[in-house]
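Participant: Structure file run_33.cif, mmCIF, C-alpha atoms, is pasted below:
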```
data_start
loop_
_atom_site.label_atom_id
_atom_site.label_comp_id
_atom_site.auth_asym_id
_atom_site.auth_seq_id
_atom_site.Cartn_x
_atom_site.Cartn_y
_atom_site.Cartn_z
CA MET A 1 -9.42 -15.11 -4.82
CA THR A 2 -9.91 -18.39 -6.64
CA ASP A 3 -8.35 -17.38 -9.96
CA ALA A 4 -5.45 -19.48 -11.14
CA LEU A 5 -2.42 -17.23 -10.98
CA GLY A 6 -2.62 -15.27 -7.76
CA PRO A 7 -3.50 -11.76 -6.62
CA ARG A 8 -6.91 -10.12 -6.30
CA PRO A 9 -8.49 -8.86 -9.53
CA GLN A 10 -8.45 -5.22 -8.38
CA SER A 11 -4.71 -5.33 -7.64
CA LEU A 12 -4.16 -6.80 -11.08
CA MET A 13 -6.47 -4.24 -12.67
CA LEU A 14 -4.67 -1.30 -11.11
CA ASN A 15 -1.34 -2.61 -12.32
CA PHE A 16 -2.73 -3.25 -15.80
CA LEU A 17 -4.04 0.32 -15.96
CA GLY A 18 -0.74 1.70 -14.69
CA LEU A 19 1.22 -0.22 -17.30
CA HIS A 20 -0.98 0.21 -20.38
CA VAL A 21 -3.39 3.13 -19.84
CA LEU A 22 -1.82 5.73 -17.52
CA GLY A 23 -0.62 8.82 -19.35
CA ARG A 24 -2.09 7.84 -22.73
CA ASP A 25 -5.52 9.58 -22.53
CA VAL A 26 -7.38 6.53 -23.82
CA ALA A 27 -10.29 4.40 -22.66
CA VAL A 28 -10.16 0.64 -23.24
CA TYR A 29 -12.99 -1.66 -24.30
CA SER A 30 -14.08 -3.94 -21.48
CA GLY A 31 -14.04 -6.98 -23.76
CA SER A 32 -10.37 -6.49 -24.62
CA VAL A 33 -9.52 -6.07 -20.93
CA ILE A 34 -11.31 -9.34 -20.27
CA ASP A 35 -9.18 -10.96 -22.98
CA VAL A 36 -6.00 -9.78 -21.21
CA PHE A 37 -7.18 -11.04 -17.84
CA ALA A 38 -8.14 -14.42 -19.23
CA ARG A 39 -4.43 -14.93 -19.85
CA ILE A 40 -3.79 -14.89 -16.10
CA GLY A 41 -6.72 -17.04 -15.09
CA VAL A 42 -9.17 -14.28 -14.12
CA SER A 43 -12.71 -15.14 -15.18
CA GLU A 44 -14.81 -12.87 -17.38
CA GLU A 45 -17.24 -12.39 -14.50
CA ALA A 46 -14.48 -11.35 -12.09
CA ALA A 47 -12.88 -8.94 -14.58
CA ARG A 48 -16.19 -7.35 -15.55
CA SER A 49 -17.26 -7.05 -11.91
CA THR A 50 -13.94 -5.39 -11.02
CA LEU A 51 -14.36 -2.79 -13.76
CA THR A 52 -17.93 -2.06 -12.64
CA ARG A 53 -16.99 -1.72 -8.96
CA MET A 54 -14.07 0.56 -9.73
CA ALA A 55 -16.29 2.77 -11.88
CA GLY A 56 -18.82 2.89 -9.05
CA ARG A 57 -16.10 4.05 -6.65
CA GLY A 58 -15.03 6.88 -8.93
CA LEU A 59 -11.82 5.19 -10.08
CA LEU A 60 -12.87 4.71 -13.71
CA THR A 61 -14.87 6.66 -16.27
CA ARG A 62 -17.34 4.84 -18.47
CA HIS A 63 -17.92 5.59 -22.18
CA ARG A 64 -20.31 3.90 -24.57
CA SER A 65 -19.57 3.58 -28.28
CA GLY A 66 -22.24 1.61 -30.08
CA ARG A 67 -22.74 -1.58 -28.11
CA LYS A 68 -19.31 -1.43 -26.51
CA VAL A 69 -18.43 0.00 -23.10
CA TYR A 70 -15.00 1.58 -22.64
CA PHE A 71 -13.28 2.45 -19.35
CA GLY A 72 -10.81 5.26 -18.73
CA LEU A 73 -9.01 6.79 -15.77
CA THR A 74 -10.36 9.47 -13.46
CA ASP A 75 -8.13 12.10 -11.89
CA ARG A 76 -8.27 10.11 -8.67
CA SER A 77 -7.16 6.82 -10.20
CA ALA A 78 -4.48 8.55 -12.28
CA GLU A 79 -3.08 10.01 -9.04
CA VAL A 80 -3.10 6.58 -7.37
CA LEU A 81 -1.38 4.96 -10.34
CA ALA A 82 1.20 7.73 -10.66
CA ASP A 83 2.01 7.26 -6.97
CA GLY A 84 2.49 3.54 -7.56
CA ARG A 85 4.77 4.27 -10.51
CA ARG A 86 6.88 6.61 -8.36
CA ARG A 87 7.02 4.00 -5.61
CA ILE A 88 8.36 1.42 -8.04
CA TRP A 89 10.79 3.49 -10.10
CA ASP A 90 11.76 6.55 -8.04
CA THR A 91 11.56 5.48 -4.41
CA GLY A 92 12.42 1.84 -5.01
CA ALA A 93 13.04 -0.75 -2.34
CA VAL A 94 16.48 0.32 -1.18
CA ASN A 95 16.98 3.47 0.92
CA ASP A 96 20.60 4.63 0.78
CA ASP A 97 19.87 8.03 2.35
CA PRO A 98 22.48 8.61 5.07
CA GLY A 99 20.28 11.17 6.85
CA ARG A 100 19.54 10.78 10.54
CA GLU A 101 16.16 12.55 10.69
CA TRP A 102 12.88 10.86 11.51
CA THR A 103 9.37 12.21 11.03
CA LEU A 104 7.13 11.95 14.09
CA VAL A 105 3.35 12.10 13.97
CA GLY A 106 1.41 12.36 17.21
CA PHE A 107 -2.35 12.53 17.50
CA SER A 108 -5.18 12.27 19.97
CA LEU A 109 -8.75 11.76 18.81
CA PRO A 110 -11.92 11.42 20.90
CA ASP A 111 -13.83 8.15 20.95
CA ASN A 112 -16.53 9.55 18.68
CA ARG A 113 -13.92 9.77 15.90
CA ARG A 114 -12.81 6.16 15.95
CA GLY A 115 -13.36 5.89 12.21
CA ASP A 116 -11.04 8.82 11.55
CA ARG A 117 -8.50 7.30 13.91
CA HIS A 118 -8.59 4.03 11.98
CA ASP A 119 -8.28 5.83 8.63
CA LEU A 120 -5.33 7.88 9.87
CA ARG A 121 -3.51 4.82 11.17
CA THR A 122 -4.11 3.01 7.88
CA GLN A 123 -2.86 5.94 5.81
CA LEU A 124 0.22 6.36 8.00
CA GLY A 125 1.00 2.68 7.61
CA TRP A 126 0.83 2.96 3.82
CA ALA A 127 3.06 6.05 4.00
CA GLY A 128 5.85 4.13 5.75
CA PHE A 129 5.12 4.95 9.39
CA GLY A 130 5.37 2.49 12.25
CA LEU A 131 3.78 2.73 15.68
CA LEU A 132 6.49 3.57 18.23
CA GLN A 133 4.17 3.94 21.19
CA ASN A 134 0.56 4.84 21.84
CA GLY A 135 -0.40 7.80 19.66
CA LEU A 136 3.12 8.30 18.26
CA TRP A 137 4.11 7.11 14.78
CA ILE A 138 7.53 7.44 13.14
CA ALA A 139 9.04 7.14 9.67
CA ALA A 140 12.60 7.38 8.46
CA GLY A 141 13.57 10.68 6.80
CA GLU A 142 11.44 13.73 6.22
CA ARG A 143 7.91 12.75 5.18
CA ASP A 144 5.16 15.15 4.15
CA VAL A 145 1.85 13.99 5.60
CA THR A 146 -0.04 17.19 4.81
CA ALA A 147 -2.21 15.53 2.17
CA ILE A 148 -3.18 12.70 4.53
CA VAL A 149 -4.07 15.02 7.40
CA ASP A 150 -5.97 17.49 5.21
CA ARG A 151 -7.91 14.77 3.41
CA LEU A 152 -9.14 13.44 6.74
CA GLY A 153 -9.78 16.90 8.18
CA LEU A 154 -7.59 16.26 11.22
CA GLY A 155 -5.32 19.30 11.22
CA ASP A 156 -6.37 20.31 14.74
CA HIS A 157 -5.66 16.86 16.16
CA VAL A 158 -2.30 15.97 14.61
CA THR A 159 1.22 17.17 15.44
CA VAL A 160 4.04 16.58 12.93
CA MET A 161 7.75 17.20 13.50
CA THR A 162 11.18 15.94 12.49
CA ALA A 163 13.78 14.88 15.04
CA ARG A 164 16.94 12.88 15.63
CA PRO A 165 17.37 10.19 18.27
CA SER A 166 19.63 11.23 21.11
CA GLY A 167 20.90 10.03 24.45
CA ARG A 168 20.03 6.39 25.09
CA THR A 169 17.79 6.11 22.04
CA GLU A 170 19.49 4.61 18.99
CA ALA A 171 18.05 4.53 15.48
CA ALA A 172 18.28 0.74 15.55
CA ASP A 173 16.05 0.77 18.64
CA LEU A 174 13.43 2.78 16.76
CA VAL A 175 13.45 0.23 13.96
CA ARG A 176 13.15 -2.68 16.37
CA LYS A 177 10.27 -1.11 18.32
CA ALA A 178 8.20 0.33 15.48
CA PHE A 179 8.68 -2.02 12.52
CA ASP A 180 8.26 -5.74 11.91
CA THR A 181 11.37 -6.22 9.80
CA ALA A 182 10.98 -10.01 9.75
CA THR A 183 7.63 -9.71 7.99
CA ILE A 184 8.98 -7.10 5.57
CA ALA A 185 11.92 -9.35 4.69
CA ALA A 186 9.59 -12.32 4.26
CA ARG A 187 7.62 -10.49 1.56
CA TYR A 188 10.77 -9.93 -0.47
CA SER A 189 11.87 -13.52 0.10
CA ALA A 190 8.48 -14.71 -1.18
CA PHE A 191 8.93 -12.54 -4.28
CA LEU A 192 12.34 -14.11 -4.86
CA ASP A 193 10.94 -17.62 -4.35
CA THR A 194 8.41 -16.97 -7.11
CA TRP A 195 10.52 -15.08 -9.62
CA ASP A 196 14.17 -16.00 -9.09
CA THR A 197 14.06 -19.13 -11.24
CA PRO A 198 15.44 -19.87 -14.71
CA ASP A 199 11.98 -19.59 -16.30
CA PRO A 200 9.60 -17.86 -13.88
CA ARG A 201 5.84 -18.20 -14.15
CA GLN A 202 5.92 -20.94 -16.79
CA GLU A 203 2.17 -21.36 -16.31
CA ALA A 204 1.60 -17.87 -17.78
CA PRO A 205 1.11 -18.01 -21.57
CA ASP A 206 3.24 -15.00 -22.59
CA ASP A 207 5.20 -11.95 -21.48
CA LEU A 208 2.09 -9.76 -21.23
CA ALA A 209 0.74 -12.07 -18.54
CA ARG A 210 4.12 -12.38 -16.86
CA GLN A 211 4.64 -8.61 -16.86
CA LEU A 212 1.29 -8.02 -15.19
CA LEU A 213 1.91 -10.66 -12.53
CA LEU A 214 5.46 -9.40 -11.95
CA HIS A 215 4.38 -5.80 -11.38
CA THR A 216 1.49 -6.82 -9.14
CA ASP A 217 3.71 -8.98 -6.94
CA TRP A 218 6.39 -6.31 -6.78
CA LEU A 219 4.11 -3.41 -5.97
CA GLN A 220 2.49 -5.40 -3.18
CA ALA A 221 5.94 -5.92 -1.67
CA VAL A 222 7.21 -2.35 -1.95
CA ARG A 223 3.93 -0.71 -0.93
CA GLN A 224 4.17 -2.46 2.44
CA ASP A 225 7.83 -1.56 2.91
CA PRO A 226 8.45 1.47 5.19
CA HIS A 227 11.67 2.19 3.26
CA LEU A 228 13.99 2.04 6.23
CA PRO A 229 17.61 3.15 5.77
CA ALA A 230 19.82 0.34 4.48
CA ARG A 231 22.42 1.16 7.14
CA LEU A 232 19.95 0.00 9.80
CA LEU A 233 19.13 -3.30 8.10
CA PRO A 234 21.08 -6.58 7.76
CA ALA A 235 23.73 -6.70 5.03
CA ASP A 236 21.84 -9.53 3.31
CA TRP A 237 18.54 -7.59 3.25
CA PRO A 238 16.52 -9.40 0.52
CA ALA A 239 15.03 -6.21 -0.96
CA ILE A 240 18.35 -5.46 -2.66
CA ARG A 241 18.43 -8.71 -4.64
CA ALA A 242 14.67 -8.59 -5.21
CA GLN A 243 14.80 -5.10 -6.72
CA ASN A 244 17.62 -6.06 -9.09
CA LEU A 245 15.64 -9.10 -10.18
CA PHE A 246 12.44 -7.11 -10.72
CA ARG A 247 14.17 -4.56 -12.93
CA ARG A 248 15.89 -7.23 -15.01
CA LEU A 249 12.68 -9.18 -15.57
CA ASP A 250 10.74 -6.02 -16.39
CA THR A 251 13.26 -5.30 -19.13
CA ASP A 252 12.95 -8.88 -20.40
CA PHE A 253 9.14 -8.76 -20.59
CA ARG A 254 8.54 -5.18 -21.69
CA VAL A 255 8.84 -5.32 -25.49
CA GLU A 256 6.71 -8.41 -26.09
CA ALA A 257 4.16 -7.26 -23.50
CA ALA A 258 3.74 -3.89 -25.25
CA GLU A 259 3.34 -5.55 -28.65
CA LEU A 260 0.74 -8.00 -27.36
CA ALA A 261 -1.19 -5.27 -25.54
CA ALA A 262 -1.26 -3.12 -28.68
CA GLY A 263 -2.72 -6.02 -30.63
CA ILE A 264 -5.37 -6.91 -28.05
CA LEU A 265 -6.60 -3.61 -26.63
CA ASP A 266 -9.45 -1.83 -28.36
CA GLU A 267 -9.12 1.87 -27.45
CA ILE A 268 -10.85 5.19 -28.00
CA PRO A 269 -9.77 8.68 -26.91
CA ASP A 270 -10.75 9.35 -23.31
CA ARG A 271 -12.63 12.67 -23.40
#
```
What is this structure when it is put down as C-alpha cells?
Facilitator:
Amino acid sequence: MTDALGPRPQSLMLNFLGLHVLGRDVAVYSGSVIDVFARIGVSEEAARSTLTRMAGRGLLTRHRSGRKVYFGLTDRSAEVLADGRRRIWDTGAVNDDPGREWTLVGFSLPDNRRGDRHDLRTQLGWAGFGLLQNGLWIAAGERDVTAIVDRLGLGDHVTVMTARPSGRTEAADLVRKAFDTATIAARYSAFLDTWDTPDPRQEAPDDLARQLLLHTDWLQAVRQDPHLPARLLPADWPAIRAQNLFRRLDTDFRVEAAELAAGILDEIPDR
C-alpha cells in the first residue's frame, strides 16, 4: 500500500466499520467514508475501490438514495466484525488461564484436495493453532473448531481431541516446537514502538484518525497471536504492556473520535 499512514485499505475499512457501523443498523454514504479515509492518507480511488470490492465479495450491502450510494453490513461481515471485537475486548492479548489442556487437530487429505488443505491450515492458523508435526496442529486450551471444519466440509477427514502433555513432553516444548514466539513478540514490540510515545501518530490530524489507526494496528497484532498461556512465556512478554497501552489510548481517543464521526458520516437506516 502506498497510502501515507500505513495498513491496507481493507484492514482499515473493516476496523472503521467495526468501530462506527457494527450494531447500529445503518448504511453510510460512500462520500462520507471517503472523507474519513482522507484523514489517514487513503486516496478517494483506493477507498471507493475497497468499498466496491467488499460489496462484490458479499461483505457489504449497497443502497441507492437519489444520486448517493450507501454501504451497510451483511450478516457475514457483521459476524467477522463481531469476532474481531471479541478478540480485542474479551479474549485480549494476555492468557491467564491456568489450565493444562491442549486442543489437537489431526487431518489427512488426498492430493486432489490441496485447496481444502490450504484453507484448513490457514483457518487453523487464524484460530490460534500451530503446526506441531506433519498433519497435527495444536492450540492452548479447549478450542471449538466445528465451524471451521463444517464450513470446509471436512468432517470425515479431521480428528479433534483435547489432551495434556505427559511423560517427557512438557508444555514448554509444545510452545517451542509449534509456535514462533519471537515473531509474535516482535509484532507487539512494533506496536509499542509506534504508539508508546508522548504524542503518538502526530502526523494524523485528529483522534478519529488516530483511533482508526490504533485499532487497525492492534487487531493485526492480536489476530496473529495464538494466545498462549502467560505461564509459558517470558515474564517480560511485550503483549502485557502493549495491551495496557492500547486500552489507555482507546479511552483517550474515543470521545473525540465519536463526535467527529457523527459530524462526518451521512447515514440512512440499513433495511
Participant: Mind pulling up the distance from atom CA of A:Leu120 to atom CA of A:Phe179?
Facilitator: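 Between atom CA of A:Phe179 and atom CA of A:Leu120 the gap is 17.4 Å.
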Participant: Taking all atoms listed in the file into account, which of A:Leu208, A:Leu81, A:Ala190, A:Leu213 comes nearest A:Ala262?
Facilitator: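 Of A:Leu208, A:Leu81, A:Ala190, A:Leu213, the one nearest A:Ala262, counting all atoms listed in the file, is A:Leu208.
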Participant: Counting only C-alpha atoms, write as a VMD selection string all protein and nucleic acid residues lying at most 10 Å from (16.0, -7.6, -6.9) in the file's frame.
Facilitator: chain A and resid 93 to 94 188 191 to 192 195 to 196 218 238 to 249
Participant: For atom CA of A:Arg8 and atom CA of A:Ile138, quote the distance in Å rounded to one decimal.
Facilitator: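 One can read the atom CA of A:Arg8 to atom CA of A:Ile138 distance as 29.9 Å.
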Participant: For A:Ile148, find every residue with an atom within 12 Å (counting only C-alpha atoms), except residues of its own chain fewer than 3 positions away, and show them as an MDAnalysis selection string.
Facilitator: chainID A and resid 105 116 119:127 143:145 151:155 158 160
Participant: Could you write out the selected residues, including C-alpha atoms, as a PDB file, keeping the file's coordinate frame?
Facilitator:
```pdb
ATOM      1  CA  VAL A 105       3.350  12.100  13.970  1.00  0.00           C
ATOM      2  CA  ASP A 116     -11.040   8.820  11.550  1.00  0.00           C
ATOM      3  CA  ASP A 119      -8.280   5.830   8.630  1.00  0.00           C
ATOM      4  CA  LEU A 120      -5.330   7.880   9.870  1.00  0.00           C
ATOM      5  CA  ARG A 121      -3.510   4.820  11.170  1.00  0.00           C
ATOM      6  CA  THR A 122      -4.110   3.010   7.880  1.00  0.00           C
ATOM      7  CA  GLN A 123      -2.860   5.940   5.810  1.00  0.00           C
ATOM      8  CA  LEU A 124       0.220   6.360   8.000  1.00  0.00           C
ATOM      9  CA  GLY A 125       1.000   2.680   7.610  1.00  0.00           C
ATOM     10  CA  TRP A 126       0.830   2.960   3.820  1.00  0.00           C
ATOM     11  CA  ALA A 127       3.060   6.050   4.000  1.00  0.00           C
ATOM     12  CA  ARG A 143       7.910  12.750   5.180  1.00  0.00           C
ATOM     13  CA  ASP A 144       5.160  15.150   4.150  1.00  0.00           C
ATOM     14  CA  VAL A 145       1.850  13.990   5.600  1.00  0.00           C
ATOM     15  CA  ARG A 151      -7.910  14.770   3.410  1.00  0.00           C
ATOM     16  CA  LEU A 152      -9.140  13.440   6.740  1.00  0.00           C
ATOM     17  CA  GLY A 153      -9.780  16.900   8.180  1.00  0.00           C
ATOM     18  CA  LEU A 154      -7.590  16.260  11.220  1.00  0.00           C
ATOM     19  CA  GLY A 155      -5.320  19.300  11.220  1.00  0.00           C
ATOM     20  CA  VAL A 158      -2.300  15.970  14.610  1.00  0.00           C
ATOM     21  CA  VAL A 160       4.040  16.580  12.930  1.00  0.00           C
TER      22      VAL A 160
END
```
Participant: If the PyMOL selection byres ((chain A and resi 32) around 10) is run on the structure shown, which residues does it catch, given as a VMD selection string?
Facilitator: chain A and resid 28 to 31 33 to 38 70 261 263 to 267
Participant: Between A:Pro198, A:Gly66, A:Val149, A:Phe71, single out the one closest to A:Arg53, counting only C-alpha atoms.
Facilitator: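 For A:Arg53, the nearest of the given residues is A:Phe71.
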Participant: Which residue out of A:Arg176, A:Ser11, A:Ala186, A:Arg114 has the minimum interatomic distance to A:Leu214 when only C-alpha atoms are used?
Facilitator: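 The closest residue to A:Leu214 is A:Ser11.
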Participant: At what distance in Å, to one decimal, does atom CA of A:Leu104 lie from atom CA of A:Met161?
Facilitator: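 The value is 5.3 Å.
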Participant: Decode the PyMOL selection byres ((chain A and resi 23) around 12) for the given file into explicit residues and return them as a VMD selection string.
Facilitator: chain A and resid 17 to 22 24 to 27 72 to 75 77 to 79 81 to 82 85 269 to 270
Participant: Calculated over only C-alpha atoms, which of the candidates A:Pro200, A:Gly141, A:Pro165, A:Pro226 has the smallest distance to A:Thr183?
Facilitator: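 Ranking A:Pro200, A:Gly141, A:Pro165, A:Pro226 by distance to A:Thr183, first place goes to A:Pro226.
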Participant: Using all atoms listed in the file, which of the listed residues (A:Arg117, A:Arg164, A:Arg201, A:Arg67) sits closest to A:Gly99?
Facilitator: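 Closest to A:Gly99, using all atoms listed in the file: A:Arg164.
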Participant: With distances taken over only C-alpha atoms, which residue among A:Arg113, A:Arg187, A:Arg76, A:Arg168 lies nearest A:Gln224?
Facilitator: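 Checking each of A:Arg113, A:Arg187, A:Arg76, A:Arg168 against A:Gln224, counting only C-alpha atoms, the winner is A:Arg187.
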Participant: Could you pull stretch 157-168 of chain A out of the structure I just pasted and write it to a file containing all heavy atoms, as a PDB file, in the first residue's frame?
Facilitator:
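Full text of out_14.pdb as output:
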```
ATOM      1  N   HIS A 157     -12.543 -36.038   7.443  1.00  0.00           N
ATOM      2  CA  HIS A 157     -11.083 -36.060   7.290  1.00  0.00           C
ATOM      3  C   HIS A 157     -10.338 -35.476   8.485  1.00  0.00           C
ATOM      4  O   HIS A 157      -9.107 -35.474   8.493  1.00  0.00           O
ATOM      5  CB  HIS A 157     -10.678 -35.273   6.034  1.00  0.00           C
ATOM      6  CG  HIS A 157     -11.276 -35.807   4.776  1.00  0.00           C
ATOM      7  ND1 HIS A 157     -10.701 -36.824   4.047  1.00  0.00           N
ATOM      8  CD2 HIS A 157     -12.422 -35.478   4.122  1.00  0.00           C
ATOM      9  CE1 HIS A 157     -11.460 -37.094   2.985  1.00  0.00           C
ATOM     10  NE2 HIS A 157     -12.510 -36.282   3.016  1.00  0.00           N
ATOM     11  N   VAL A 158     -11.068 -34.971   9.465  1.00  0.00           N
ATOM     12  CA  VAL A 158     -10.447 -34.261  10.577  1.00  0.00           C
ATOM     13  C   VAL A 158     -10.785 -34.932  11.895  1.00  0.00           C
ATOM     14  O   VAL A 158     -11.931 -35.313  12.138  1.00  0.00           O
ATOM     15  CB  VAL A 158     -10.915 -32.782  10.607  1.00  0.00           C
ATOM     16  CG1 VAL A 158     -10.347 -32.066  11.827  1.00  0.00           C
ATOM     17  CG2 VAL A 158     -10.505 -32.067   9.324  1.00  0.00           C
ATOM     18  N   THR A 159      -9.769 -35.077  12.759  1.00  0.00           N
ATOM     19  CA  THR A 159      -9.957 -35.606  14.108  1.00  0.00           C
ATOM     20  C   THR A 159      -9.592 -34.515  15.111  1.00  0.00           C
ATOM     21  O   THR A 159      -8.528 -33.892  14.998  1.00  0.00           O
ATOM     22  CB  THR A 159      -9.064 -36.830  14.344  1.00  0.00           C
ATOM     23  OG1 THR A 159      -9.410 -37.857  13.398  1.00  0.00           O
ATOM     24  CG2 THR A 159      -9.244 -37.379  15.755  1.00  0.00           C
ATOM     25  N   VAL A 160     -10.481 -34.265  16.079  1.00  0.00           N
ATOM     26  CA  VAL A 160     -10.259 -33.225  17.081  1.00  0.00           C
ATOM     27  C   VAL A 160     -10.350 -33.856  18.462  1.00  0.00           C
ATOM     28  O   VAL A 160     -11.264 -34.639  18.748  1.00  0.00           O
ATOM     29  CB  VAL A 160     -11.310 -32.092  16.957  1.00  0.00           C
ATOM     30  CG1 VAL A 160     -11.018 -30.984  17.966  1.00  0.00           C
ATOM     31  CG2 VAL A 160     -11.343 -31.542  15.541  1.00  0.00           C
ATOM     32  N   MET A 161      -9.399 -33.505  19.344  1.00  0.00           N
ATOM     33  CA  MET A 161      -9.434 -34.011  20.710  1.00  0.00           C
ATOM     34  C   MET A 161      -8.716 -33.031  21.627  1.00  0.00           C
ATOM     35  O   MET A 161      -7.967 -32.154  21.172  1.00  0.00           O
ATOM     36  CB  MET A 161      -8.779 -35.395  20.794  1.00  0.00           C
ATOM     37  CG  MET A 161      -7.300 -35.401  20.474  1.00  0.00           C
ATOM     38  SD  MET A 161      -6.611 -37.074  20.419  1.00  0.00           S
ATOM     39  CE  MET A 161      -7.348 -37.679  18.904  1.00  0.00           C
ATOM     40  N   THR A 162      -8.939 -33.159  22.922  1.00  0.00           N
ATOM     41  CA  THR A 162      -8.179 -32.404  23.909  1.00  0.00           C
ATOM     42  C   THR A 162      -7.300 -33.374  24.681  1.00  0.00           C
ATOM     43  O   THR A 162      -7.651 -34.544  24.879  1.00  0.00           O
ATOM     44  CB  THR A 162      -9.107 -31.659  24.883  1.00  0.00           C
ATOM     45  OG1 THR A 162      -9.980 -32.592  25.520  1.00  0.00           O
ATOM     46  CG2 THR A 162      -9.926 -30.612  24.146  1.00  0.00           C
ATOM     47  N   ALA A 163      -6.136 -32.891  25.124  1.00  0.00           N
ATOM     48  CA  ALA A 163      -5.189 -33.754  25.811  1.00  0.00           C
ATOM     49  C   ALA A 163      -4.265 -32.914  26.672  1.00  0.00           C
ATOM     50  O   ALA A 163      -4.224 -31.681  26.561  1.00  0.00           O
ATOM     51  CB  ALA A 163      -4.379 -34.556  24.790  1.00  0.00           C
ATOM     52  N   ARG A 164      -3.516 -33.605  27.540  1.00  0.00           N
ATOM     53  CA  ARG A 164      -2.488 -32.969  28.349  1.00  0.00           C
ATOM     54  C   ARG A 164      -1.145 -33.603  28.030  1.00  0.00           C
ATOM     55  O   ARG A 164      -1.075 -34.818  27.811  1.00  0.00           O
ATOM     56  CB  ARG A 164      -2.773 -33.138  29.842  1.00  0.00           C
ATOM     57  CG  ARG A 164      -3.983 -32.395  30.348  1.00  0.00           C
ATOM     58  CD  ARG A 164      -4.049 -32.472  31.862  1.00  0.00           C
ATOM     59  NE  ARG A 164      -5.173 -31.736  32.398  1.00  0.00           N
ATOM     60  CZ  ARG A 164      -5.326 -31.463  33.690  1.00  0.00           C
ATOM     61  NH1 ARG A 164      -4.415 -31.889  34.570  1.00  0.00           N
ATOM     62  NH2 ARG A 164      -6.373 -30.781  34.108  1.00  0.00           N
ATOM     63  N   PRO A 165      -0.085 -32.810  28.014  1.00  0.00           N
ATOM     64  CA  PRO A 165       1.228 -33.420  27.801  1.00  0.00           C
ATOM     65  C   PRO A 165       1.589 -34.311  28.989  1.00  0.00           C
ATOM     66  O   PRO A 165       1.212 -34.041  30.132  1.00  0.00           O
ATOM     67  CB  PRO A 165       2.170 -32.212  27.698  1.00  0.00           C
ATOM     68  CG  PRO A 165       1.441 -31.087  28.366  1.00  0.00           C
ATOM     69  CD  PRO A 165      -0.011 -31.347  28.146  1.00  0.00           C
ATOM     70  N   SER A 166       2.307 -35.372  28.712  1.00  0.00           N
ATOM     71  CA  SER A 166       2.695 -36.286  29.780  1.00  0.00           C
ATOM     72  C   SER A 166       4.053 -36.884  29.454  1.00  0.00           C
ATOM     73  O   SER A 166       4.557 -36.769  28.334  1.00  0.00           O
ATOM     74  CB  SER A 166       1.650 -37.398  29.954  1.00  0.00           C
ATOM     75  OG  SER A 166       1.589 -38.198  28.792  1.00  0.00           O
ATOM     76  N   GLY A 167       4.622 -37.534  30.448  1.00  0.00           N
ATOM     77  CA  GLY A 167       5.915 -38.184  30.248  1.00  0.00           C
ATOM     78  C   GLY A 167       6.998 -37.162  29.954  1.00  0.00           C
ATOM     79  O   GLY A 167       7.170 -36.180  30.677  1.00  0.00           O
ATOM     80  N   ARG A 168       7.719 -37.360  28.880  1.00  0.00           N
ATOM     81  CA  ARG A 168       8.848 -36.495  28.542  1.00  0.00           C
ATOM     82  C   ARG A 168       8.424 -35.228  27.822  1.00  0.00           C
ATOM     83  O   ARG A 168       9.256 -34.366  27.562  1.00  0.00           O
ATOM     84  CB  ARG A 168       9.838 -37.275  27.669  1.00  0.00           C
ATOM     85  CG  ARG A 168      10.432 -38.501  28.360  1.00  0.00           C
ATOM     86  CD  ARG A 168      11.432 -39.190  27.462  1.00  0.00           C
ATOM     87  NE  ARG A 168      12.537 -38.303  27.099  1.00  0.00           N
ATOM     88  CZ  ARG A 168      13.517 -38.650  26.257  1.00  0.00           C
ATOM     89  NH1 ARG A 168      13.508 -39.851  25.706  1.00  0.00           N
ATOM     90  NH2 ARG A 168      14.481 -37.809  25.979  1.00  0.00           N
TER      91      ARG A 168
END
```
